[in-house]
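These notes are about the structure you will find just below.
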Amino acid sequence: MPEGPSIVILKELTEQFVGKKILEAGGSAKIDMSLLEGQMIVAIRTWGKHYLICLKDVTVRIHLMLFGSYRINEERDANPRLSLKFKKGSLNFYACSVKLIEDDLDDVYDWSADIMSDKWSATSAKKKLKAHPDMLACDALLDQEIFSGSGNIIKCEVLWRVRLHPLTPVGNLPAAKLTELIKETRHYAFDFLEWKKQFVLRKHWAVYSKKKCPRCHIPVIKEVMGKTKRRTFYCNNCQLIYE
DNA sequence: CCGGTTGTTCAGCG
DNA sequence: GCGCTGAACAACCG
């Protein structure tokens, strides 16, 4: 169950298959499995929540959505959407979206939008936010064209960290605050990555699914918000709205 | 035990 | 063609 950092972990766990040949490809995904069989994995890449298995002429795009799961070198008691078998080991995906990308990935993906990428560009994010001044902060942090890889947890935690009310239109943010929001999104994503690796992510949540604000010790508000209509946890005292 | 959800896509409608 | 809404999908946790 994935936000960007979780997909980076998946990439790291599966880099053992780079340079390996797919001996058998199966599963319930409606793709032409014969395009994968006999092919070598050239690279494993990610773009936000997209997990990309790159072959010579085609890329397999896996999106785990809300309920997807995977097993490496083992299987679950469920039908896989995609199952890749190698001489040694296997890679299995369940309840996820599987698509083939035939185009050049550089034409499909704006790498500078990926909050986990080396190519991430805060300047580019700022430009996009400035182009949508009416967009609410809670929606901006879920916009995959701007903050690819950010999800509902990152959204809530980042807004709390920078003391920003989720309903603030991004166009109302003072320049310094806008910069801080962008910077903290990437920063928190890497904290998320480290905590997730250590299995201590939950322990570090400040507002997400929490009852009380750790700063103010007053009840955290839980509300469905924005165009994205997602649950948002926030503190009405220390997260300021700019009007 | 069941309500809720770390997400996206698409049909249908005005 | 547009934006908006709700449905659909799906599996596990607390």
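Here's how to read the names in the structure tokens: chain A, B, ... by the order shown, residue numbers from 1 in each chain, ligand numbers from 1 in the order shown.
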| request: Residues of chain C no more than 9 Å from chain A, counting only C-alpha atoms (C1' of nucleotides): send them over as a VMD selection string. | output: chain C and resid 9 to 12
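All chain B residues having an atom within 10 Å of chain A, based on only C-alpha atoms (C1' of nucleotides), amount to DT5, DT6, DG7 and DT8 of chain B.
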Selection above as a file: N, CA and C atoms (P, O5', C5', C4', C3', O3' and C1' of nucleotides), as a PDB file, in the first residue's frame:
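The result, stored in out00.pdb:
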```
ATOM      1  P    DT B   5     -11.685   6.756   6.288  1.00  0.00           P
ATOM      2  O5'  DT B   5     -10.456   6.195   5.458  1.00  0.00           O
ATOM      3  C5'  DT B   5      -9.354   5.607   6.134  1.00  0.00           C
ATOM      4  C4'  DT B   5      -8.590   4.791   5.136  1.00  0.00           C
ATOM      5  C3'  DT B   5      -8.410   5.477   3.781  1.00  0.00           C
ATOM      6  O3'  DT B   5      -7.025   5.646   3.529  1.00  0.00           O
ATOM      7  C1'  DT B   5      -9.094   3.225   3.522  1.00  0.00           C
ATOM      8  P    DT B   6      -6.534   7.102   3.569  1.00  0.00           P
ATOM      9  O5'  DT B   6      -5.299   6.973   2.590  1.00  0.00           O
ATOM     10  C5'  DT B   6      -4.219   6.224   2.975  1.00  0.00           C
ATOM     11  C4'  DT B   6      -3.035   6.526   2.129  1.00  0.00           C
ATOM     12  C3'  DT B   6      -2.997   5.800   0.788  1.00  0.00           C
ATOM     13  O3'  DT B   6      -2.182   6.560  -0.110  1.00  0.00           O
ATOM     14  C1'  DT B   6      -1.230   5.060   2.094  1.00  0.00           C
ATOM     15  P    DG B   7      -2.892   7.475  -1.163  1.00  0.00           P
ATOM     16  O5'  DG B   7      -3.605   6.420  -2.086  1.00  0.00           O
ATOM     17  C5'  DG B   7      -2.819   5.545  -2.876  1.00  0.00           C
ATOM     18  C4'  DG B   7      -3.432   5.438  -4.247  1.00  0.00           C
ATOM     19  C3'  DG B   7      -3.672   6.782  -4.933  1.00  0.00           C
ATOM     20  O3'  DG B   7      -2.944   6.757  -6.144  1.00  0.00           O
ATOM     21  C1'  DG B   7      -5.624   5.414  -5.041  1.00  0.00           C
ATOM     22  P    DT B   8      -2.918   7.965  -7.120  1.00  0.00           P
ATOM     23  O5'  DT B   8      -3.970   7.533  -8.212  1.00  0.00           O
ATOM     24  C5'  DT B   8      -3.654   6.385  -8.992  1.00  0.00           C
ATOM     25  C4'  DT B   8      -4.833   5.936  -9.781  1.00  0.00           C
ATOM     26  C3'  DT B   8      -5.290   6.907 -10.863  1.00  0.00           C
ATOM     27  O3'  DT B   8      -4.945   6.290 -12.089  1.00  0.00           O
ATOM     28  C1'  DT B   8      -7.127   5.883  -9.738  1.00  0.00           C
TER      29       DT B   8
END
```
Step one, run DSSP on the backbone; step two, keep only residues of stretch 25-191 of chain A assigned to strand (DSSP E or B); then write them as a short mmCIF file (atom, residue, chain, number, x, y, z; two decimals) with all heavy atoms, in the first residue's frame.
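Output contents, as saved in states-v8.cif:
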```cif
data_model
loop_
_atom_site.label_atom_id
_atom_site.label_comp_id
_atom_site.auth_asym_id
_atom_site.auth_seq_id
_atom_site.Cartn_x
_atom_site.Cartn_y
_atom_site.Cartn_z
N ALA A 25 5.96 -15.47 -17.82
CA ALA A 25 5.13 -14.36 -17.36
C ALA A 25 3.68 -14.80 -17.38
O ALA A 25 3.20 -15.31 -18.37
CB ALA A 25 5.33 -13.14 -18.26
N GLY A 26 3.00 -14.63 -16.25
CA GLY A 26 1.59 -15.05 -16.19
C GLY A 26 0.80 -14.13 -15.29
O GLY A 26 1.31 -13.10 -14.84
N MET A 40 14.97 -9.66 -21.01
CA MET A 40 15.78 -9.36 -19.83
C MET A 40 15.30 -8.05 -19.20
O MET A 40 14.90 -7.14 -19.92
CB MET A 40 17.24 -9.22 -20.25
CG MET A 40 18.19 -9.19 -19.09
SD MET A 40 19.88 -9.03 -19.67
CE MET A 40 20.00 -7.28 -19.88
N ALA A 43 16.11 -2.43 -16.41
CA ALA A 43 16.16 -1.55 -15.25
C ALA A 43 14.84 -1.60 -14.50
O ALA A 43 13.81 -1.97 -15.07
CB ALA A 43 16.43 -0.11 -15.69
N ILE A 44 14.91 -1.28 -13.22
CA ILE A 44 13.70 -1.06 -12.43
C ILE A 44 13.70 0.43 -12.12
O ILE A 44 14.69 0.95 -11.60
CB ILE A 44 13.71 -1.85 -11.10
CG1 ILE A 44 13.84 -3.35 -11.33
CG2 ILE A 44 12.49 -1.51 -10.26
CD1 ILE A 44 12.61 -4.02 -11.88
N ARG A 45 12.60 1.11 -12.45
CA ARG A 45 12.52 2.54 -12.17
C ARG A 45 11.22 2.83 -11.43
O ARG A 45 10.33 1.96 -11.35
CB ARG A 45 12.57 3.36 -13.47
CG ARG A 45 13.80 3.08 -14.31
CD ARG A 45 13.86 3.94 -15.54
NE ARG A 45 14.12 5.35 -15.23
CZ ARG A 45 14.20 6.30 -16.16
NH1 ARG A 45 14.02 6.00 -17.44
NH2 ARG A 45 14.45 7.55 -15.82
N THR A 46 11.11 4.03 -10.91
CA THR A 46 9.83 4.43 -10.31
C THR A 46 9.55 5.87 -10.71
O THR A 46 10.46 6.65 -11.00
CB THR A 46 9.85 4.36 -8.76
OG1 THR A 46 10.79 5.31 -8.25
CG2 THR A 46 10.24 2.98 -8.26
N TRP A 47 8.28 6.17 -10.76
CA TRP A 47 7.85 7.58 -10.91
C TRP A 47 6.69 7.76 -9.95
O TRP A 47 5.60 7.28 -10.22
CB TRP A 47 7.41 7.90 -12.33
CG TRP A 47 7.01 9.34 -12.49
CD1 TRP A 47 7.82 10.42 -12.64
CD2 TRP A 47 5.67 9.86 -12.49
NE1 TRP A 47 7.08 11.58 -12.73
CE2 TRP A 47 5.75 11.27 -12.64
CE3 TRP A 47 4.39 9.27 -12.38
CZ2 TRP A 47 4.62 12.09 -12.68
CZ3 TRP A 47 3.28 10.10 -12.42
CH2 TRP A 47 3.40 11.50 -12.57
N HIS A 50 4.25 4.93 -9.36
CA HIS A 50 4.37 3.97 -10.47
C HIS A 50 5.65 3.16 -10.31
O HIS A 50 6.74 3.73 -10.12
CB HIS A 50 4.42 4.70 -11.81
CG HIS A 50 3.17 5.45 -12.15
ND1 HIS A 50 2.74 5.64 -13.45
CD2 HIS A 50 2.26 6.08 -11.36
CE1 HIS A 50 1.61 6.33 -13.43
NE2 HIS A 50 1.30 6.63 -12.19
N TYR A 51 5.53 1.86 -10.42
CA TYR A 51 6.67 0.95 -10.37
C TYR A 51 6.89 0.43 -11.79
O TYR A 51 5.97 -0.09 -12.41
CB TYR A 51 6.36 -0.19 -9.41
CG TYR A 51 7.39 -1.30 -9.39
CD1 TYR A 51 8.58 -1.15 -8.71
CD2 TYR A 51 7.13 -2.51 -10.04
CE1 TYR A 51 9.52 -2.17 -8.69
CE2 TYR A 51 8.06 -3.54 -10.02
CZ TYR A 51 9.25 -3.36 -9.34
OH TYR A 51 10.17 -4.38 -9.32
N LEU A 52 8.09 0.63 -12.30
CA LEU A 52 8.33 0.39 -13.72
C LEU A 52 9.38 -0.68 -13.95
O LEU A 52 10.52 -0.57 -13.49
CB LEU A 52 8.79 1.70 -14.37
CG LEU A 52 7.83 2.90 -14.18
CD1 LEU A 52 8.53 4.21 -14.51
CD2 LEU A 52 6.58 2.72 -15.03
N ILE A 53 8.96 -1.74 -14.65
CA ILE A 53 9.89 -2.80 -15.02
C ILE A 53 10.26 -2.56 -16.48
O ILE A 53 9.44 -2.75 -17.37
CB ILE A 53 9.24 -4.19 -14.86
CG1 ILE A 53 8.71 -4.37 -13.44
CG2 ILE A 53 10.23 -5.30 -15.21
CD1 ILE A 53 7.84 -5.63 -13.25
N CYS A 54 11.49 -2.14 -16.71
CA CYS A 54 11.91 -1.75 -18.06
C CYS A 54 12.56 -2.92 -18.79
O CYS A 54 13.55 -3.48 -18.32
CB CYS A 54 12.89 -0.59 -17.99
SG CYS A 54 12.26 0.80 -17.03
N THR A 59 7.86 -1.28 -21.35
CA THR A 59 7.95 -1.14 -19.90
C THR A 59 6.64 -1.62 -19.28
O THR A 59 5.56 -1.30 -19.79
CB THR A 59 8.18 0.33 -19.52
OG1 THR A 59 9.45 0.75 -20.01
CG2 THR A 59 8.15 0.52 -18.00
N VAL A 60 6.75 -2.41 -18.21
CA VAL A 60 5.57 -2.83 -17.47
C VAL A 60 5.35 -1.83 -16.35
O VAL A 60 6.24 -1.61 -15.53
CB VAL A 60 5.75 -4.24 -16.87
CG1 VAL A 60 4.45 -4.71 -16.22
CG2 VAL A 60 6.21 -5.22 -17.93
N ARG A 61 4.17 -1.21 -16.35
CA ARG A 61 3.83 -0.24 -15.31
C ARG A 61 2.89 -0.86 -14.30
O ARG A 61 1.79 -1.27 -14.63
CB ARG A 61 3.16 0.98 -15.93
CG ARG A 61 3.05 2.15 -14.97
CD ARG A 61 1.83 3.01 -15.25
NE ARG A 61 0.62 2.38 -14.71
CZ ARG A 61 -0.56 3.00 -14.63
NH1 ARG A 61 -0.70 4.22 -15.08
NH2 ARG A 61 -1.62 2.38 -14.12
N ILE A 62 3.36 -0.93 -13.06
CA ILE A 62 2.52 -1.48 -11.99
C ILE A 62 2.11 -0.34 -11.08
O ILE A 62 2.96 0.46 -10.64
CB ILE A 62 3.32 -2.49 -11.14
CG1 ILE A 62 4.00 -3.51 -12.03
CG2 ILE A 62 2.44 -3.11 -10.06
CD1 ILE A 62 3.45 -4.86 -12.05
N HIS A 63 0.80 -0.26 -10.79
CA HIS A 63 0.31 0.70 -9.80
C HIS A 63 -0.44 -0.10 -8.75
O HIS A 63 -1.41 -0.77 -9.06
CB HIS A 63 -0.59 1.74 -10.45
CG HIS A 63 -0.76 2.96 -9.61
ND1 HIS A 63 -1.19 2.88 -8.30
CD2 HIS A 63 -0.53 4.26 -9.85
CE1 HIS A 63 -1.23 4.11 -7.79
NE2 HIS A 63 -0.83 4.96 -8.71
N SER A 69 -0.63 -5.56 -3.52
CA SER A 69 0.45 -6.14 -2.70
C SER A 69 1.41 -6.91 -3.61
O SER A 69 1.12 -7.12 -4.79
CB SER A 69 -0.13 -7.07 -1.64
OG SER A 69 -0.80 -8.16 -2.24
N TYR A 70 2.53 -7.32 -3.05
CA TYR A 70 3.50 -8.07 -3.84
C TYR A 70 4.22 -9.08 -2.96
O TYR A 70 4.21 -8.97 -1.71
CB TYR A 70 4.52 -7.11 -4.49
CG TYR A 70 5.30 -6.26 -3.50
CD1 TYR A 70 6.44 -6.76 -2.87
CD2 TYR A 70 4.88 -4.97 -3.19
CE1 TYR A 70 7.15 -5.99 -1.96
CE2 TYR A 70 5.59 -4.19 -2.28
CZ TYR A 70 6.72 -4.71 -1.67
OH TYR A 70 7.42 -3.94 -0.76
N ARG A 71 4.81 -10.04 -3.60
CA ARG A 71 5.66 -11.01 -2.92
C ARG A 71 6.90 -11.21 -3.77
O ARG A 71 6.81 -11.30 -5.00
CB ARG A 71 4.95 -12.36 -2.74
CG ARG A 71 3.80 -12.34 -1.74
CD ARG A 71 4.27 -12.11 -0.32
NE ARG A 71 3.17 -12.23 0.65
CZ ARG A 71 2.35 -11.24 0.96
NH1 ARG A 71 2.49 -10.06 0.36
NH2 ARG A 71 1.38 -11.41 1.84
N ILE A 72 8.05 -11.27 -3.12
CA ILE A 72 9.30 -11.48 -3.82
C ILE A 72 9.84 -12.84 -3.44
O ILE A 72 10.03 -13.12 -2.25
CB ILE A 72 10.32 -10.37 -3.44
CG1 ILE A 72 9.76 -9.00 -3.83
CG2 ILE A 72 11.67 -10.61 -4.12
CD1 ILE A 72 10.46 -7.84 -3.16
N LEU A 82 0.09 -10.27 -11.94
CA LEU A 82 1.29 -10.48 -12.75
C LEU A 82 2.28 -11.32 -11.96
O LEU A 82 2.56 -11.03 -10.79
CB LEU A 82 1.93 -9.14 -13.12
CG LEU A 82 3.20 -9.25 -13.98
CD1 LEU A 82 2.88 -9.80 -15.36
CD2 LEU A 82 3.89 -7.91 -14.10
N SER A 83 2.78 -12.34 -12.60
CA SER A 83 3.76 -13.21 -11.96
C SER A 83 4.92 -13.43 -12.93
O SER A 83 4.73 -13.88 -14.05
CB SER A 83 3.09 -14.56 -11.63
OG SER A 83 4.08 -15.48 -11.20
N LEU A 84 6.11 -13.02 -12.50
CA LEU A 84 7.30 -13.19 -13.33
C LEU A 84 8.19 -14.23 -12.69
O LEU A 84 8.49 -14.15 -11.50
CB LEU A 84 8.05 -11.86 -13.46
CG LEU A 84 7.25 -10.67 -14.01
CD1 LEU A 84 8.13 -9.42 -14.03
CD2 LEU A 84 6.70 -10.96 -15.40
N LYS A 85 8.57 -15.20 -13.51
CA LYS A 85 9.44 -16.25 -12.98
C LYS A 85 10.82 -16.15 -13.64
O LYS A 85 10.93 -15.98 -14.85
CB LYS A 85 8.83 -17.63 -13.24
CG LYS A 85 7.46 -17.77 -12.58
CD LYS A 85 7.18 -19.18 -12.14
CE LYS A 85 5.77 -19.39 -11.59
NZ LYS A 85 5.14 -18.26 -10.92
N SER A 90 11.20 -15.28 -8.09
CA SER A 90 10.00 -14.83 -8.80
C SER A 90 9.52 -13.52 -8.20
O SER A 90 9.90 -13.14 -7.09
CB SER A 90 8.90 -15.88 -8.68
OG SER A 90 8.48 -16.00 -7.33
N LEU A 91 8.69 -12.84 -8.99
CA LEU A 91 8.16 -11.55 -8.59
C LEU A 91 6.66 -11.58 -8.86
O LEU A 91 6.24 -11.79 -10.00
CB LEU A 91 8.87 -10.47 -9.42
CG LEU A 91 8.69 -9.01 -9.11
CD1 LEU A 91 8.82 -8.73 -7.62
CD2 LEU A 91 9.73 -8.21 -9.88
N ASN A 92 5.87 -11.37 -7.80
CA ASN A 92 4.42 -11.54 -7.92
C ASN A 92 3.66 -10.32 -7.42
O ASN A 92 3.95 -9.81 -6.33
CB ASN A 92 3.98 -12.77 -7.13
CG ASN A 92 4.69 -14.03 -7.61
OD1 ASN A 92 4.44 -14.52 -8.70
ND2 ASN A 92 5.61 -14.52 -6.80
N PHE A 93 2.69 -9.88 -8.22
CA PHE A 93 1.88 -8.70 -7.87
C PHE A 93 0.40 -9.06 -7.81
O PHE A 93 -0.08 -9.79 -8.68
CB PHE A 93 2.10 -7.59 -8.90
CG PHE A 93 3.51 -7.09 -8.93
CD1 PHE A 93 4.43 -7.61 -9.81
CD2 PHE A 93 3.92 -6.09 -8.04
CE1 PHE A 93 5.74 -7.15 -9.83
CE2 PHE A 93 5.23 -5.63 -8.05
CZ PHE A 93 6.14 -6.16 -8.95
N TYR A 94 -0.28 -8.52 -6.81
CA TYR A 94 -1.69 -8.84 -6.60
C TYR A 94 -2.54 -7.57 -6.51
O TYR A 94 -2.09 -6.56 -5.98
CB TYR A 94 -1.84 -9.63 -5.29
CG TYR A 94 -0.92 -10.82 -5.22
CD1 TYR A 94 0.38 -10.68 -4.75
CD2 TYR A 94 -1.34 -12.07 -5.64
CE1 TYR A 94 1.25 -11.76 -4.70
CE2 TYR A 94 -0.49 -13.18 -5.59
CZ TYR A 94 0.81 -13.01 -5.12
OH TYR A 94 1.66 -14.08 -5.07
N SER A 97 -2.95 -2.49 -10.71
CA SER A 97 -3.14 -2.15 -12.11
C SER A 97 -1.84 -2.44 -12.87
O SER A 97 -0.76 -2.04 -12.42
CB SER A 97 -3.53 -0.68 -12.19
OG SER A 97 -3.11 -0.11 -13.41
N VAL A 98 -1.95 -3.15 -13.95
CA VAL A 98 -0.78 -3.51 -14.77
C VAL A 98 -0.99 -3.00 -16.20
O VAL A 98 -2.02 -3.31 -16.80
CB VAL A 98 -0.57 -5.04 -14.83
CG1 VAL A 98 0.67 -5.39 -15.65
CG2 VAL A 98 -0.48 -5.63 -13.44
N LYS A 99 -0.06 -2.22 -16.68
CA LYS A 99 -0.17 -1.73 -18.06
C LYS A 99 1.18 -1.80 -18.74
O LYS A 99 2.22 -1.74 -18.09
CB LYS A 99 -0.64 -0.27 -18.07
CG LYS A 99 -2.12 -0.11 -17.82
CD LYS A 99 -2.56 1.32 -17.96
CE LYS A 99 -4.06 1.42 -17.68
NZ LYS A 99 -4.51 2.80 -17.53
N LEU A 100 1.14 -1.88 -20.05
CA LEU A 100 2.38 -1.85 -20.82
C LEU A 100 2.55 -0.45 -21.40
O LEU A 100 1.60 0.16 -21.87
CB LEU A 100 2.34 -2.87 -21.97
CG LEU A 100 2.31 -4.35 -21.56
CD1 LEU A 100 2.39 -5.24 -22.78
CD2 LEU A 100 3.45 -4.68 -20.60
N ILE A 101 3.77 0.05 -21.32
CA ILE A 101 4.09 1.34 -21.93
C ILE A 101 5.07 1.06 -23.06
O ILE A 101 6.15 0.51 -22.83
CB ILE A 101 4.75 2.30 -20.90
CG1 ILE A 101 3.82 2.51 -19.71
CG2 ILE A 101 5.09 3.63 -21.56
CD1 ILE A 101 4.42 3.36 -18.60
N ASP A 114 8.62 13.99 -9.57
CA ASP A 114 8.69 12.88 -8.61
C ASP A 114 9.45 13.30 -7.35
O ASP A 114 10.65 13.56 -7.40
CB ASP A 114 9.38 11.68 -9.29
CG ASP A 114 9.52 10.49 -8.35
OD1 ASP A 114 9.01 10.54 -7.22
OD2 ASP A 114 10.14 9.49 -8.78
N LEU A 136 -6.41 24.33 -3.60
CA LEU A 136 -6.24 24.26 -2.15
C LEU A 136 -5.00 23.43 -1.82
O LEU A 136 -4.66 22.49 -2.55
CB LEU A 136 -7.47 23.64 -1.50
CG LEU A 136 -8.80 24.31 -1.82
CD1 LEU A 136 -9.95 23.58 -1.10
CD2 LEU A 136 -8.78 25.79 -1.40
N SER A 148 4.41 14.16 -7.48
CA SER A 148 4.22 12.75 -7.80
C SER A 148 4.82 11.87 -6.70
O SER A 148 5.98 12.00 -6.36
CB SER A 148 4.89 12.44 -9.13
OG SER A 148 4.88 11.05 -9.36
N LEU A 164 0.35 24.68 8.11
CA LEU A 164 -0.50 25.26 7.09
C LEU A 164 -1.88 24.59 7.09
O LEU A 164 -1.98 23.37 7.09
CB LEU A 164 0.17 25.07 5.72
CG LEU A 164 -0.53 25.68 4.52
CD1 LEU A 164 -0.66 27.19 4.68
CD2 LEU A 164 0.24 25.35 3.25
N PRO A 169 -5.74 28.38 -0.22
CA PRO A 169 -5.41 28.35 -1.64
C PRO A 169 -3.92 28.63 -1.81
O PRO A 169 -3.39 29.55 -1.17
CB PRO A 169 -6.24 29.50 -2.23
CG PRO A 169 -7.27 29.83 -1.19
CD PRO A 169 -6.63 29.50 0.14
#
```
| request: Provide the atom C1' of C:DT5 to atom CA of A:Asp139 distance in Å, to one decimal place. | output: 17.0 Å
| query | Pick from A:Ala140, A:Ser209, A:Lys20, A:Thr123: nearest to B:DG4, with only C-alpha atoms (C1' of nucleotides) counted? | reply |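 Going through A:Ala140, A:Ser209, A:Lys20, A:Thr123 one by one, the smallest distance to B:DG4 is for A:Ser209.
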| message | Just want the 12 Å neighbourhood of C:DG6, counted on only C-alpha atoms (C1' of nucleotides), with same-chain residues fewer than 5 positions away dropped. Output as a ChimeraX atom specification. | response | /B:10-13
